[in-house]
Amino acid sequence: MGKHDGPILKVEHLNVNYGAIQALRDVSFEVYAGEIVTLIGANGAGKSTTLRALSRIIRCKSGTMTYEGQNLAAMRPDMVVKAGMAHSPEGRRVLSRLSVYDNLTLGAYTRSDRDGIEADLEQQFKRFPRLAERRKQLAGTLSGGEQQMLAIARALMSRPKLLLLDEPSLGLAPIIVREIFNIIRELNDQGVTILLVEQNAQLALQTANRGYVLEAGAIKFSGPAHELAVDERVRQAYLG
Amino acid sequence: MEGFITTYGFLMVTMTLQAMLALSLYLPLMAGQLSLASPGFYALGGFVAAVMSKSVFGFTNQQVFPLPLVFVEMAVAAAICAVVAILIGVPALRLRGIYLALATIAFVEVVRVVALNLEITGQAIGIFGVPQPFSRSFDYMALTLPMLLLAIFFVYRLERSRVGRAFSALREDELAAAAMGINPTRYKVLAFVMGAVLAGIVGVVNAHLLNTWNTRQGTFDVAILVLAYVIIGGSRTFLGPVAGGLLLTALPEVLRAAAGIQGLPAPVAQFLQDGRLIIFGVLIAVGTLFFPQGLITPRMFRRWRAAHPQPAAARRKEAQA
């Protein structure tokens, strides 16, 4: 299936429940190859839930999720990673008692091409020089920004075509946030499609091509990022 | 020397067996699963050995039991334990932390109560006259010491393998591991099965060593004792459980021996003799206070490695492997 045939990711009428509580209602959106698409919204709007449903960490009740023509709902999390979709989870979740090196090699767990993995490791160290200096250090001893870099680098180790980034700015100093977002743009320039979840709506809309606004589990608005950034309703609710 | 071996041969063999039991609890723990099921599989292994040697192979207590048949029993016990572990593991490993511990304790109880009621396991009386491959307890060392070394080597290699790294990722953060494409269920069940197989094999040897097997082997008490080995020894490296199993098995006997030292005041000797289990308990409590991470910690290894640097080339090779 060629890149220009349609969206790389297409979500239609997705419903997810946590017990009796409905976390996502009838969510539909698409991501085209080469884009940066952002999901913004308040705390608890269902942004992380959407990413977790996509990477099959949580089960969905109904709806379809199609990635490059494959039905995601029929796949296990490891198959999703193998198919080329990587998830950098909220709160970084680096393996704190393992070294930076071990965290990165575990990111390539679904791959078996030794030489390719070795080359990608070097590439990550080039991209994130701070990680190179700390390759033997335990991940738990890194600063928040370094941990976020490690979480992104780890996700890249599976050589994803589509990268799901959950709140990469969470709890980081503004200067580090800028650094991280520069890297996100750089990755996109290198051909990685990105689905970005952010609470920092302003920054996300500056970075993305298109955006979707989630509210209480449903998509409220959508459109080109620069239009959403000036939309009066979005401004009032999320940009302050 | 001869006297020492006669007196302590049995203890030394038991120490090696208990160290292996501790490893059998450590294996699921490597993947972050606190399972107390080891004694259940240990009991199962013992019954396999007792029933097979007497009823299937037809040996009596008076005959020397051929060692190759012990290996056959081990293979059978390993297979049975693996199947049972998969059947139990798939549903039970959906539980986490203390709930998994409770469920596995329930399994230990189920094995005990079933054995208590089945004809083939000798009900409350158990099975007597399990034939022995060795005439002296100490001679079992020829079997159990290589077994322990093999088990240690296996776990050592495992920790450095692809599977071992998946285990440690699961232990650290199950969600992150799943996001990296590690299938949590598969690896948790695998770790649980490996622990079950090891415990079952230990049961086989112990049934021969004890000459008898019954429902008082592999009970809840054993689960707690084995957990103590792992916690006191250290739960973050494979040497911790081994050290814990060896030391805590020897400790009560060391205290008993201490009571026999000449010239001790009679009340002290008396207390060492009668109160040695009290001292044992106090030492466990004190041990956890002063060594909260256990006696052997990964930090000790790092310090040792820092003091004995390897050539860089060898180190890189190891990191790649």
# chains A, B, ... in the order shown; residues from 1 in each chain; ligands from 1

call {"tool": "interface_residues", "arguments": {"of": "chain B", "to": "chain A", "cutoff": "6 Å", "atoms": "only C-alpha atoms", "output": "PyMOL selection string"}}
result
chain B and resi 172+176+179-182

call {"tool": "select_by_dssp", "arguments": {"residues": "stretch 10-215 of chain A", "states": "alpha helix (DSSP H)", "output": "PyMOL selection string"}}
result
chain A and resi 47-54+77-83+100-107+114-127+129-133+144-156+174-189+201-207

call {"tool": "residues_around", "arguments": {"residues": "stretch 219-221 of chain A", "least_positions_apart": "3", "cutoff": "8 Å", "atoms": "only C-alpha atoms", "output": "ChimeraX atom specification"}}
result
/A:27-28,212-215

call {"tool": "residues_around", "arguments": {"residues": "stretch 243-248 of chain B", "least_positions_apart": "2", "cutoff": "7 Å", "atoms": "only C-alpha atoms", "output": "list of chain:residue names"}}
result
B:Met15, B:Thr16, B:Gln18, B:Ala19, B:Ala22, B:Tyr229, B:Val230, B:Ile232, B:Gly233, B:Leu239, B:Gly240, B:Pro241, B:Ala250, B:Leu251

call {"tool": "write_last_selection", "arguments": {"atoms": "C-alpha atoms", "output": "compact mmCIF listing (two decimals), in the first residue's frame"}}
result
# COMPACT_ATOMS: atom_id res chain seq x y z
CA MET B 15 21.23 -26.23 52.21
CA THR B 16 21.86 -26.75 48.49
CA GLN B 18 16.85 -24.82 49.84
CA ALA B 19 19.10 -22.50 47.86
CA ALA B 22 14.97 -19.80 46.79
CA TYR B 229 15.58 -16.59 51.97
CA VAL B 230 14.99 -14.24 49.06
CA ILE B 232 17.18 -11.65 53.58
CA GLY B 233 19.59 -12.75 50.88
CA LEU B 239 23.21 -14.57 44.36
CA GLY B 240 20.94 -13.11 47.04
CA PRO B 241 18.47 -16.01 47.12
CA ALA B 250 22.34 -23.58 58.27
CA LEU B 251 21.53 -21.03 60.96

call {"tool": "atom_distance", "arguments": {"atom1": "atom CA of A:Leu72", "atom2": "atom CA of A:Val11"}}
result
9.7 Å

call {"tool": "atom_distance", "arguments": {"atom1": "atom CA of B:Pro292", "atom2": "atom CA of B:Ala177"}}
result
27.0 Å

call {"tool": "residues_around", "arguments": {"residues": "stretch 125-142 of chain B", "least_positions_apart": "5", "cutoff": "8 Å", "atoms": "only C-alpha atoms", "output": "list in words"}}
result
Ile5, Thr6, Tyr8, Gly9, Phe10, Met12, Val13, Ala50, Val51, Ser53, Lys54, Phe59, Thr60, Asn61, Gln62, Gln63, Val64, Phe65, Pro66, Leu67, Ala207, His208, Leu209, Asn211, Thr212, Trp213, Asn214 and Thr215 of chain B

call {"tool": "residues_around", "arguments": {"residues": "stretch 75-90 of chain B", "least_positions_apart": "4", "cutoff": "7 Å", "atoms": "only C-alpha atoms", "output": "list in words"}}
result
Phe41, Gly45, Val48, Phe71, Val189, Phe192, Val193, Ala196, Val197, Gly200 and Ile201 of chain B

call {"tool": "residues_around", "arguments": {"residues": "A:Thr64", "least_positions_apart": "4", "cutoff": "12 Å", "atoms": "only C-alpha atoms", "output": "number ranges by chain"}}
result
A: 9-16, 26-30, 53-54, 59-60, 69-74

call {"tool": "closest_residue", "arguments": {"among": "A:Ser169, A:Thr207, A:Ser99, A:Thr193", "to": "A:Pro7", "atoms": "only C-alpha atoms"}}
result
A:Thr193
